[in-house]
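Okay, protein15.tsv is below, TSV, C-alpha atoms:
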chain	number	residue	atom	x	y	z
S	5	MET	CA	116.79	53.86	-2.13
S	6	LYS	CA	119.41	56.41	-1.09
S	7	THR	CA	116.95	57.90	1.37
S	8	PHE	CA	116.24	54.45	2.82
S	9	MET	CA	119.96	53.66	3.11
S	10	ALA	CA	120.65	57.01	4.75
S	11	ALA	CA	117.88	56.41	7.28
S	12	ALA	CA	119.17	52.90	7.98
S	13	VAL	CA	122.73	54.16	8.53
S	14	ALA	CA	121.44	56.94	10.79
S	15	GLY	CA	119.36	54.44	12.74
S	16	LEU	CA	122.38	52.16	13.11
S	17	GLY	CA	124.41	55.13	14.33
S	18	PHE	CA	121.83	55.97	16.96
S	19	ALA	CA	121.71	52.32	18.08
S	20	ILE	CA	125.51	52.16	18.39
S	21	ALA	CA	125.56	55.45	20.27
S	22	ALA	CA	122.86	54.23	22.64
S	23	THR	CA	124.69	50.96	23.22
S	24	THR	CA	127.97	52.78	23.82
S	25	ALA	CA	126.31	55.21	26.23
S	26	SER	CA	124.73	52.29	28.07
S	27	ALA	CA	128.07	50.50	28.27
S	28	GLN	CA	129.76	53.64	29.59
S	29	ALA	CA	127.04	54.38	32.15
S	30	PRO	CA	128.36	53.98	35.69
S	31	ALA	CA	127.12	50.84	37.44
S	32	THR	CA	125.90	52.58	40.59
S	33	LEU	CA	124.53	49.39	42.13
S	34	ALA	CA	127.93	47.70	41.75
S	35	GLN	CA	129.64	50.74	43.27
S	36	VAL	CA	127.21	50.77	46.17
S	37	LYS	CA	127.82	47.06	46.83
S	38	GLN	CA	131.58	47.48	46.62
S	39	ARG	CA	131.43	50.44	49.03
S	40	ASN	CA	129.06	48.47	51.27
S	41	MET	CA	127.04	51.63	51.79
S	42	VAL	CA	124.40	53.80	50.12
S	43	ASN	CA	125.30	57.50	50.06
S	44	CYS	CA	122.03	59.34	50.47
S	45	GLY	CA	121.63	63.09	49.98
S	46	SER	CA	119.37	64.27	52.80
S	47	ASN	CA	117.87	67.41	54.26
S	48	THR	CA	119.93	69.47	56.68
S	49	GLY	CA	117.10	69.08	59.17
S	50	LEU	CA	113.36	68.96	58.44
S	51	ALA	CA	111.15	67.36	61.08
S	52	GLY	CA	109.20	64.40	59.79
S	53	PHE	CA	111.27	64.05	56.63
S	54	GLY	CA	114.98	64.10	57.43
S	55	VAL	CA	116.59	65.13	60.71
S	56	PRO	CA	119.20	63.70	63.10
S	57	ASP	CA	118.46	63.39	66.82
S	58	ALA	CA	120.81	64.43	69.63
S	59	GLN	CA	122.78	61.20	69.18
S	60	GLY	CA	123.11	61.73	65.43
S	61	ASN	CA	120.56	59.06	64.48
S	62	TRP	CA	118.62	60.07	61.39
S	63	GLY	CA	114.85	59.74	61.09
S	64	GLY	CA	112.00	60.83	58.82
S	65	LEU	CA	109.99	59.79	55.78
S	66	ASP	CA	112.81	60.52	53.32
S	67	VAL	CA	115.38	58.94	55.62
S	68	GLU	CA	113.35	55.74	55.84
S	69	PHE	CA	113.17	55.58	52.06
S	70	CYS	CA	116.98	55.57	51.95
S	71	ARG	CA	116.97	52.84	54.59
S	72	ALA	CA	114.52	50.86	52.45
S	73	VAL	CA	116.95	51.05	49.51
S	74	ALA	CA	119.75	49.80	51.79
S	75	ALA	CA	117.49	47.01	53.06
S	76	ALA	CA	116.72	45.93	49.49
S	77	VAL	CA	120.39	45.89	48.50
S	78	PHE	CA	122.10	44.69	51.70
S	79	ASN	CA	119.32	43.30	53.92
S	80	ASP	CA	120.55	45.95	56.36
S	81	PRO	CA	118.82	49.36	56.69
S	82	ALA	CA	121.77	50.75	58.62
S	83	LYS	CA	124.10	50.67	55.63
S	84	VAL	CA	123.34	54.28	54.69
S	85	LYS	CA	125.52	57.36	54.97
S	86	PHE	CA	123.37	60.46	55.21
S	87	ILE	CA	124.92	63.55	53.64
S	88	PRO	CA	123.06	66.77	54.58
S	89	LEU	CA	122.64	69.06	51.57
S	90	SER	CA	121.33	72.59	51.22
S	91	ALA	CA	118.77	73.40	48.52
S	92	LYS	CA	121.50	75.19	46.57
S	93	ASP	CA	123.98	72.29	46.64
S	94	ARG	CA	121.69	69.24	46.45
S	95	PHE	CA	121.63	68.68	42.68
S	96	THR	CA	125.34	69.39	42.25
S	97	ALA	CA	126.11	66.71	44.83
S	98	LEU	CA	124.00	64.21	42.90
S	99	GLN	CA	125.48	65.16	39.53
S	100	SER	CA	129.05	64.86	40.82
S	101	GLY	CA	128.51	61.41	42.31
S	102	GLU	CA	128.92	62.56	45.91
S	103	VAL	CA	125.58	60.87	46.63
S	104	ASP	CA	123.93	57.86	44.98
S	105	LEU	CA	120.44	59.25	45.34
S	106	LEU	CA	118.86	62.47	46.55
S	107	VAL	CA	115.86	62.26	48.90
S	108	ARG	CA	115.28	65.67	50.48
S	109	ASN	CA	111.85	67.14	49.69
S	110	SER	CA	112.79	68.11	46.13
S	111	THR	CA	110.07	69.03	43.65
S	112	TRP	CA	109.86	67.17	40.33
S	113	THR	CA	109.70	69.78	37.56
S	114	MET	CA	110.22	69.75	33.81
S	115	THR	CA	113.29	71.99	33.99
S	116	ARG	CA	114.99	69.73	36.51
S	117	ASP	CA	114.09	66.67	34.46
S	118	ALA	CA	115.39	68.15	31.21
S	119	SER	CA	118.47	70.15	32.14
S	120	LEU	CA	120.17	68.76	35.26
S	121	GLY	CA	121.16	65.28	34.10
S	122	ILE	CA	118.98	63.72	36.78
S	123	ALA	CA	115.80	61.63	36.81
S	124	PHE	CA	113.05	61.56	39.42
S	125	THR	CA	112.04	58.01	40.28
S	126	GLY	CA	108.57	58.76	41.62
S	127	VAL	CA	106.63	60.84	44.13
S	128	ASN	CA	106.90	59.80	47.77
S	129	TYR	CA	105.01	62.88	49.01
S	130	TYR	CA	102.43	64.98	47.14
S	131	ASP	CA	102.70	68.50	48.50
S	132	GLY	CA	101.87	72.10	47.68
S	133	GLN	CA	103.20	75.49	48.73
S	134	GLY	CA	101.46	77.40	51.52
S	135	PHE	CA	101.87	80.30	53.93
S	136	MET	CA	102.28	80.65	57.68
S	137	VAL	CA	101.56	83.86	59.63
S	138	ARG	CA	101.25	84.99	63.23
S	139	LYS	CA	97.72	84.61	64.57
S	140	LYS	CA	97.80	88.15	65.95
S	141	LEU	CA	97.83	89.53	62.39
S	142	GLY	CA	94.24	88.37	62.02
S	143	VAL	CA	94.91	87.07	58.51
S	144	THR	CA	92.76	84.11	57.47
S	145	SER	CA	93.64	83.94	53.75
S	146	ALA	CA	96.75	84.42	51.65
S	147	LEU	CA	94.70	86.84	49.56
S	148	GLN	CA	94.93	89.26	52.51
S	149	LEU	CA	98.74	89.43	52.29
S	150	SER	CA	98.95	92.43	49.95
S	151	GLY	CA	101.93	94.57	50.98
S	152	ALA	CA	103.35	91.83	53.20
S	153	SER	CA	106.98	90.87	53.52
S	154	VAL	CA	107.47	87.15	52.94
S	155	CYS	CA	110.41	85.02	54.08
S	156	THR	CA	111.49	82.27	51.70
S	157	GLN	CA	114.52	80.16	50.81
S	158	GLN	CA	116.77	80.81	47.82
S	159	GLY	CA	117.39	78.16	45.16
S	160	THR	CA	113.96	76.54	45.40
S	161	THR	CA	110.76	76.49	43.36
S	162	THR	CA	109.21	78.46	46.22
S	163	GLU	CA	110.45	81.84	44.95
S	164	LEU	CA	108.89	81.40	41.50
S	165	ASN	CA	105.57	80.16	42.93
S	166	LEU	CA	105.50	83.12	45.29
S	167	ALA	CA	105.99	85.59	42.44
S	168	ASP	CA	103.35	83.85	40.31
S	169	PHE	CA	100.76	83.91	43.10
S	170	PHE	CA	101.13	87.59	43.94
S	171	ARG	CA	101.25	88.62	40.28
S	172	ALA	CA	98.21	86.52	39.38
S	173	ASN	CA	96.23	88.11	42.20
S	174	ASN	CA	97.57	91.64	41.60
S	175	LEU	CA	99.04	91.85	45.10
S	176	LYS	CA	102.17	93.70	46.17
S	177	TYR	CA	104.74	92.01	48.37
S	178	GLU	CA	108.38	92.13	49.47
S	179	VAL	CA	110.47	88.98	49.31
S	180	VAL	CA	113.05	88.36	52.05
S	181	ALA	CA	115.20	85.45	50.86
S	182	PHE	CA	117.82	83.42	52.72
S	183	ALA	CA	120.32	80.77	51.69
S	184	SER	CA	119.18	78.03	54.08
S	185	SER	CA	115.95	76.83	55.63
S	186	ASP	CA	117.29	77.43	59.16
S	187	GLU	CA	118.10	81.06	58.34
S	188	THR	CA	114.65	81.52	56.83
S	189	VAL	CA	112.82	80.10	59.85
S	190	LYS	CA	114.93	82.09	62.33
S	191	ALA	CA	114.28	85.30	60.39
S	192	TYR	CA	110.54	84.69	60.41
S	193	ASP	CA	110.60	83.81	64.13
S	194	ALA	CA	112.52	87.03	64.83
S	195	GLY	CA	109.83	89.09	63.10
S	196	ARG	CA	111.84	90.09	60.04
S	197	CYS	CA	108.87	89.27	57.79
S	198	ASP	CA	105.09	89.02	58.03
S	199	ALA	CA	104.74	85.58	56.47
S	200	PHE	CA	106.78	82.47	55.81
S	201	THR	CA	106.25	80.35	52.72
S	202	THR	CA	107.41	76.87	51.75
S	203	ASP	CA	105.80	73.49	51.07
S	204	ALA	CA	102.85	72.92	53.40
S	205	SER	CA	104.53	69.86	54.92
S	206	GLY	CA	107.56	72.03	55.65
S	207	LEU	CA	105.40	74.66	57.34
S	208	TYR	CA	104.07	72.10	59.82
S	209	ALA	CA	107.60	70.85	60.44
S	210	GLU	CA	109.23	74.27	60.77
S	211	ARG	CA	106.48	75.54	63.07
S	212	LEU	CA	107.78	73.13	65.71
S	213	LYS	CA	111.06	75.10	65.77
S	214	LEU	CA	109.44	78.46	66.54
S	215	THR	CA	109.68	80.09	69.94
S	216	ALA	CA	105.89	79.87	70.40
S	217	PRO	CA	104.51	77.40	67.81
S	218	ASP	CA	100.89	77.87	68.90
S	219	ASP	CA	101.07	81.58	68.04
S	220	HIS	CA	101.29	80.76	64.33
S	221	VAL	CA	98.78	79.42	61.83
S	222	VAL	CA	99.11	77.79	58.40
S	223	LEU	CA	96.73	79.49	55.96
S	224	PRO	CA	94.33	77.33	53.91
S	225	GLU	CA	95.54	78.22	50.40
S	226	ILE	CA	97.78	75.80	48.49
S	227	ILE	CA	99.28	77.77	45.60
S	228	SER	CA	101.25	75.15	43.69
S	229	LYS	CA	101.77	71.49	42.87
S	230	GLU	CA	104.86	70.15	44.62
S	231	PRO	CA	105.40	66.46	43.81
S	232	LEU	CA	108.34	65.57	46.03
S	233	GLY	CA	110.43	62.50	45.36
S	234	PRO	CA	113.80	60.76	45.11
S	235	SER	CA	116.11	61.44	42.18
S	236	VAL	CA	119.17	59.74	40.68
S	237	ARG	CA	121.55	60.47	37.82
S	238	ASN	CA	119.88	59.81	34.47
S	239	ASN	CA	122.68	57.71	32.95
S	240	ASP	CA	122.16	54.49	34.91
S	241	PRO	CA	118.86	52.73	34.11
S	242	GLN	CA	119.55	49.81	36.46
S	243	TRP	CA	119.97	52.05	39.52
S	244	PHE	CA	116.99	54.13	38.40
S	245	ASN	CA	114.90	50.93	38.42
S	246	VAL	CA	116.17	49.87	41.84
S	247	VAL	CA	115.25	53.18	43.47
S	248	LYS	CA	111.95	53.46	41.58
S	249	TRP	CA	110.80	49.94	42.47
S	250	VAL	CA	111.67	50.30	46.14
S	251	HIS	CA	109.00	53.02	46.30
S	252	PHE	CA	106.53	50.96	44.26
S	253	ALA	CA	107.16	47.93	46.45
S	254	MET	CA	106.30	49.85	49.63
S	255	ILE	CA	103.05	51.11	48.09
S	256	ASN	CA	102.07	47.68	46.77
S	257	ALA	CA	102.80	46.17	50.17
S	258	GLU	CA	100.43	48.61	51.86
S	259	GLU	CA	97.73	47.96	49.27
S	260	LEU	CA	98.04	44.19	49.79
S	261	GLY	CA	98.05	44.50	53.58
S	262	VAL	CA	101.67	43.37	54.00
S	263	THR	CA	103.17	45.02	57.08
S	264	LYS	CA	106.32	44.88	59.14
S	265	ALA	CA	104.42	42.88	61.76
S	266	ASN	CA	102.88	40.27	59.47
S	267	VAL	CA	105.41	39.93	56.62
S	268	ASP	CA	106.73	36.59	57.89
S	269	GLU	CA	103.22	35.16	57.95
S	270	MET	CA	102.48	36.70	54.55
S	271	MET	CA	105.37	34.69	53.09
S	272	LYS	CA	102.99	31.70	53.29
S	273	SER	CA	100.14	33.52	51.54
S	274	PRO	CA	98.54	31.74	48.54
S	275	ASN	CA	97.66	35.15	47.00
S	276	PRO	CA	99.62	35.27	43.71
S	277	GLU	CA	100.18	39.04	43.98
S	278	ILE	CA	101.70	38.67	47.43
S	279	LYS	CA	103.76	35.68	46.32
S	280	ARG	CA	105.28	37.71	43.46
S	281	LEU	CA	105.80	40.75	45.70
S	282	LEU	CA	107.61	38.82	48.44
S	283	GLY	CA	109.59	36.63	46.05
S	284	THR	CA	108.11	33.24	46.86
S	285	GLU	CA	107.09	33.04	43.20
S	286	GLY	CA	109.17	34.31	40.29
S	287	LYS	CA	112.55	36.05	40.23
S	288	PHE	CA	111.52	39.64	39.74
S	289	GLY	CA	114.20	41.12	41.99
S	290	GLU	CA	116.93	39.53	39.90
S	291	THR	CA	115.80	41.50	36.84
S	292	ILE	CA	117.05	44.71	38.50
S	293	GLY	CA	120.12	43.25	40.15
S	294	LEU	CA	118.62	42.39	43.53
S	295	THR	CA	117.66	39.15	45.30
S	296	THR	CA	114.29	37.43	44.99
S	297	ASP	CA	113.39	38.44	48.57
S	298	TRP	CA	114.20	42.15	48.05
S	299	VAL	CA	110.69	43.31	49.03
S	300	TYR	CA	110.61	41.05	52.09
S	301	ARG	CA	113.80	42.76	53.21
S	302	ILE	CA	112.28	46.22	52.79
S	303	ILE	CA	109.08	45.44	54.69
S	304	LYS	CA	110.80	43.42	57.43
S	305	HIS	CA	113.23	46.22	58.22
S	306	VAL	CA	111.28	49.39	57.36
S	307	GLY	CA	107.62	48.57	56.71
S	308	ASN	CA	105.22	49.59	53.96
S	309	TYR	CA	104.58	53.14	52.73
S	310	GLY	CA	101.61	53.74	55.02
S	311	GLU	CA	103.54	52.62	58.10
S	312	SER	CA	106.41	54.94	57.28
S	313	PHE	CA	104.05	57.84	56.57
S	314	GLU	CA	102.07	57.49	59.80
S	315	ARG	CA	105.02	57.28	62.18
S	316	ASN	CA	107.00	60.10	60.56
S	317	VAL	CA	104.49	62.72	59.41
S	318	GLY	CA	101.04	61.23	60.10
S	319	GLN	CA	98.95	60.69	63.19
S	320	GLY	CA	101.74	58.86	65.00
S	321	SER	CA	104.05	61.88	64.68
S	322	LEU	CA	104.24	65.40	66.09
S	323	LEU	CA	103.20	66.80	62.69
S	324	LYS	CA	99.91	64.85	62.51
S	325	ILE	CA	99.43	65.48	58.79
S	326	ALA	CA	96.38	63.76	57.27
S	327	ARG	CA	97.08	61.23	54.50
S	328	GLY	CA	94.87	63.19	52.08
S	329	GLN	CA	96.29	63.04	48.57
S	330	ASN	CA	99.11	60.81	49.87
S	331	GLY	CA	96.59	58.07	50.58
S	332	LEU	CA	96.38	54.98	48.41
S	333	TRP	CA	94.44	55.29	45.15
S	334	THR	CA	91.98	52.75	46.56
S	335	LYS	CA	91.15	55.24	49.32
S	336	GLY	CA	90.87	58.42	47.26
S	337	GLY	CA	94.58	59.34	47.27
S	338	LEU	CA	97.21	59.60	44.56
S	339	GLN	CA	99.63	56.88	45.64
S	340	TYR	CA	99.47	54.20	42.95
S	341	ALA	CA	102.11	51.66	41.98
S	342	PRO	CA	102.53	49.37	38.95
S	343	PRO	CA	102.26	45.68	39.86
S	344	VAL	CA	105.12	43.24	40.36
S	345	ARG	CA	104.53	40.77	37.57
Show me, as structure tokens, the structure contained in the file I just sent.
Amino acid sequence: MKTFMAAAVAGLGFAIAATTASAQAPATLAQVKQRNMVNCGSNTGLAGFGVPDAQGNWGGLDVEFCRAVAAAVFNDPAKVKFIPLSAKDRFTALQSGEVDLLVRNSTWTMTRDASLGIAFTGVNYYDGQGFMVRKKLGVTSALQLSGASVCTQQGTTTELNLADFFRANNLKYEVVAFASSDETVKAYDAGRCDAFTTDASGLYAERLKLTAPDDHVVLPEIISKEPLGPSVRNNDPQWFNVVKWVHFAMINAEELGVTKANVDEMMKSPNPEIKRLLGTEGKFGETIGLTTDWVYRIIKHVGNYGESFERNVGQGSLLKIARGQNGLWTKGGLQYAPPVR
């Protein structure tokens, strides 16, 4: 009996603590609405993902995700303030509340999940680490890089993956690390190292910055899993749900054939899945603090996931990256979203 009572008291204590923690959790959505702006932590400049043009207008896959969040909340994709963050400073800025969400090609790992006070809301780009070298070296495989000097960026998962790869294959190498991605690319372009390593998507993007892009080749090996995605602070479940479901909504819209061009017509669709997605049936948006037409807003202003992918990093972009594992699950890819119901 004593054991039962002790367990009951302990359980009550945990429940009270959980309730108190929930009550004390910052209402990020309310803060965002009051500010009339989403503060989005972005890359300092990565083609295809997050980069400002000469007029200061931001574009890219990650940028458009932030705009989709603003569209869902405000019905206005322009209500975003982009705050460029280095790899070293990105998580601190999120933890401190400087940004509401972080969307800048950050890898979801167990350590980051467990020790930084943040939560990843999903994967908006499945990536993996690769290598780029000068064609004149005659290297066709990363396994031929024994004794090479390799440029990489500090404060990323890249350094650990690099060490693991060379150790696993009993290869010698010299790491040449820099604080920022720009410094790393410039050093490689200047010939300070034999190879440059980062996420494969980043290699295609950074190659565009080189003095002679066509003189460089991305090697075929992918040496790691790099699930890249948005993250938020882990003490606000409502905001976590908002950001998470914006991504799911864009994937579901692509799967159901709802596009920026046809979304108005799709509002008349008799398909129950489309009706729930676009808010003509049910009040699903209200369960996470949004309006019933929250997905309509996203698609009308930004488009579905596939549209955003193609114009920023896919065949409609300078990068021309194949969908591959970022294709829908119905087409052999990994992008899969729970249903709105």
Which residues of segment 169-284 of chain S come within 10 Å of segment 305-308 of chain S, and for each one, what is the closest pair of atoms and their distance in Å to one decimal, counting all atoms listed in the file, sorted by chain and residue number, as CSV?
residue,atom,partner,partner_atom,distance
S:His251,CA,S:Asn308,CA,9.2
S:Phe252,CA,S:Asn308,CA,9.9
S:Ala253,CA,S:Asn308,CA,7.9
S:Met254,CA,S:Asn308,CA,4.5
S:Ile255,CA,S:Asn308,CA,6.4
S:Asn256,CA,S:Asn308,CA,8.1
S:Ala257,CA,S:Asn308,CA,5.6
S:Glu258,CA,S:Asn308,CA,5.3
S:Glu259,CA,S:Asn308,CA,9.0
S:Leu260,CA,S:Asn308,CA,9.9
S:Gly261,CA,S:Asn308,CA,8.8
S:Val262,CA,S:Asn308,CA,7.2
S:Thr263,CA,S:Gly307,CA,5.7
S:Lys264,CA,S:Gly307,CA,4.6
S:Ala265,CA,S:Gly307,CA,8.3
S:Asn266,CA,S:Gly307,CA,9.9
S:Val267,CA,S:Gly307,CA,8.9
Grab the residues selected above and save them as a tab-separated table (two decimals), in the coordinates of the input with C-alpha atoms.
chain	number	residue	atom	x	y	z
S	251	HIS	CA	109.00	53.02	46.30
S	252	PHE	CA	106.53	50.96	44.26
S	253	ALA	CA	107.16	47.93	46.45
S	254	MET	CA	106.30	49.85	49.63
S	255	ILE	CA	103.05	51.11	48.09
S	256	ASN	CA	102.07	47.68	46.77
S	257	ALA	CA	102.80	46.17	50.17
S	258	GLU	CA	100.43	48.61	51.86
S	259	GLU	CA	97.73	47.96	49.27
S	260	LEU	CA	98.04	44.19	49.79
S	261	GLY	CA	98.05	44.50	53.58
S	262	VAL	CA	101.67	43.37	54.00
S	263	THR	CA	103.17	45.02	57.08
S	264	LYS	CA	106.32	44.88	59.14
S	265	ALA	CA	104.42	42.88	61.76
S	266	ASN	CA	102.88	40.27	59.47
S	267	VAL	CA	105.41	39.93	56.62
Next item on the list: To one decimal in Å, tell me the separation between atom CA of Val317 of chain S and atom CA of Gly52 of chain S.
Entry: 5.0 Å
Notebook entry, point to check: At what distance in Å, to one decimal, does atom CA of Cys155 of chain S lie from atom CA of Phe182 of chain S?
Noted result: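 About the pair atom CA of Phe182 of chain S and atom CA of Cys155 of chain S: they are 7.7 Å apart.
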Item checked: Distance in Å - atom CA of Asp219 of chain S versus atom CA of Leu175 of chain S ->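 Here the two named atoms are 25.2 Å from each other.
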Name the residues in contact with Leu141 of chain S at a cut-off of 10 Å, using all atoms listed in the file, excluding same-chain residues fewer than 6 positions from it; report them as a PDB file with C-alpha atoms, keeping the file's coordinate frame.
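Saved result, result.pdb, follows:
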ATOM      1  CA  ASP S 198     105.090  89.020  58.030  1.00  0.00           C
ATOM      2  CA  ALA S 199     104.740  85.580  56.470  1.00  0.00           C
ATOM      3  CA  HIS S 220     101.290  80.760  64.330  1.00  0.00           C
TER       4      HIS S 220
END
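For the set S:Ser312, S:Gln158, S:Gly331, S:Pro217, the residue with the smallest atom-to-atom gap to Gly63 of chain S is S:Ser312, counting all atoms listed in the file.
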Check: Closest to Gln38 of chain S among S:Phe69, S:Val77, S:Pro241, S:Ser228, using only C-alpha atoms?
Finding: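 Checking each of S:Phe69, S:Val77, S:Pro241, S:Ser228 against Gln38 of chain S, counting only C-alpha atoms, the winner is S:Val77.
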Next item on the list: Show me as a list in words the residues that reach within 10 Å of (115.5, 56.4, 57.2), counting all atoms listed in the file and using the file's own coordinates.
Entry: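 The residues near that point, listed by chain and number, are Cys44, Ser46, Phe53, Gly54, Val55, Asn61, Trp62, Gly63, Gly64, Leu65, Asp66, Val67, Glu68, Phe69, Cys70, Arg71, Ala72, Val73, Ala74, Pro81, Ala82, Val84, Phe86, Val306, Ser312 and Asn316 of chain S.
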Next item on the list: Return the single residue from S:Ala123, S:Ala91, S:Val103, S:Leu149 that is closest to Thr161 of chain S, with distances computed using only C-alpha atoms.
Entry: S:Ala91
Notebook entry, point to check: When distances are computed from only C-alpha atoms, which of S:Ala152, S:Ile303, S:Ala167, S:Ala31 shows the smallest separation from Ala76 of chain S?
Noted result: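 Under the stated criterion, the closest residue is S:Ile303.
For the residues S:Cys197, S:Leu166, S:Ala183, S:Met271, ranking by smallest atom-to-atom distance to Val154 of chain S using only C-alpha atoms places S:Cys197 first.
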Note to self: Restricting the calculation to all atoms listed in the file: of S:Asn40, S:Phe169, S:Glu187, S:Ser119, which residue gets closest to Ala75 of chain S?
What the structure shows: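 Closest to Ala75 of chain S of all the choices is S:Asn40.
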Counting only C-alpha atoms, which residues have an atom no more than 8 Å from (100.3, 68.5, 51.1) in the file's coordinates? Please list them as a PDB file with C-alpha atoms, in the frame of the given file.
ATOM      1  CA  TYR S 129     105.010  62.880  49.010  1.00  0.00           C
ATOM      2  CA  TYR S 130     102.430  64.980  47.140  1.00  0.00           C
ATOM      3  CA  ASP S 131     102.700  68.500  48.500  1.00  0.00           C
ATOM      4  CA  GLY S 132     101.870  72.100  47.680  1.00  0.00           C
ATOM      5  CA  GLN S 133     103.200  75.490  48.730  1.00  0.00           C
ATOM      6  CA  ASP S 203     105.800  73.490  51.070  1.00  0.00           C
ATOM      7  CA  ALA S 204     102.850  72.920  53.400  1.00  0.00           C
ATOM      8  CA  SER S 205     104.530  69.860  54.920  1.00  0.00           C
ATOM      9  CA  GLY S 328      94.870  63.190  52.080  1.00  0.00           C
ATOM     10  CA  GLN S 329      96.290  63.040  48.570  1.00  0.00           C
ATOM     11  CA  ASN S 330      99.110  60.810  49.870  1.00  0.00           C
TER      12      ASN S 330
END
Margin query: I'd like the neighbourhood of Arg280 of chain S as a ChimeraX atom specification, where a residue qualifies if any of its atoms comes within 10 Å (using all atoms listed in the file), though same-chain residues fewer than 3 positions away should be ignored.
Written below: /S:275-277,283-289,296-297,299,343-345
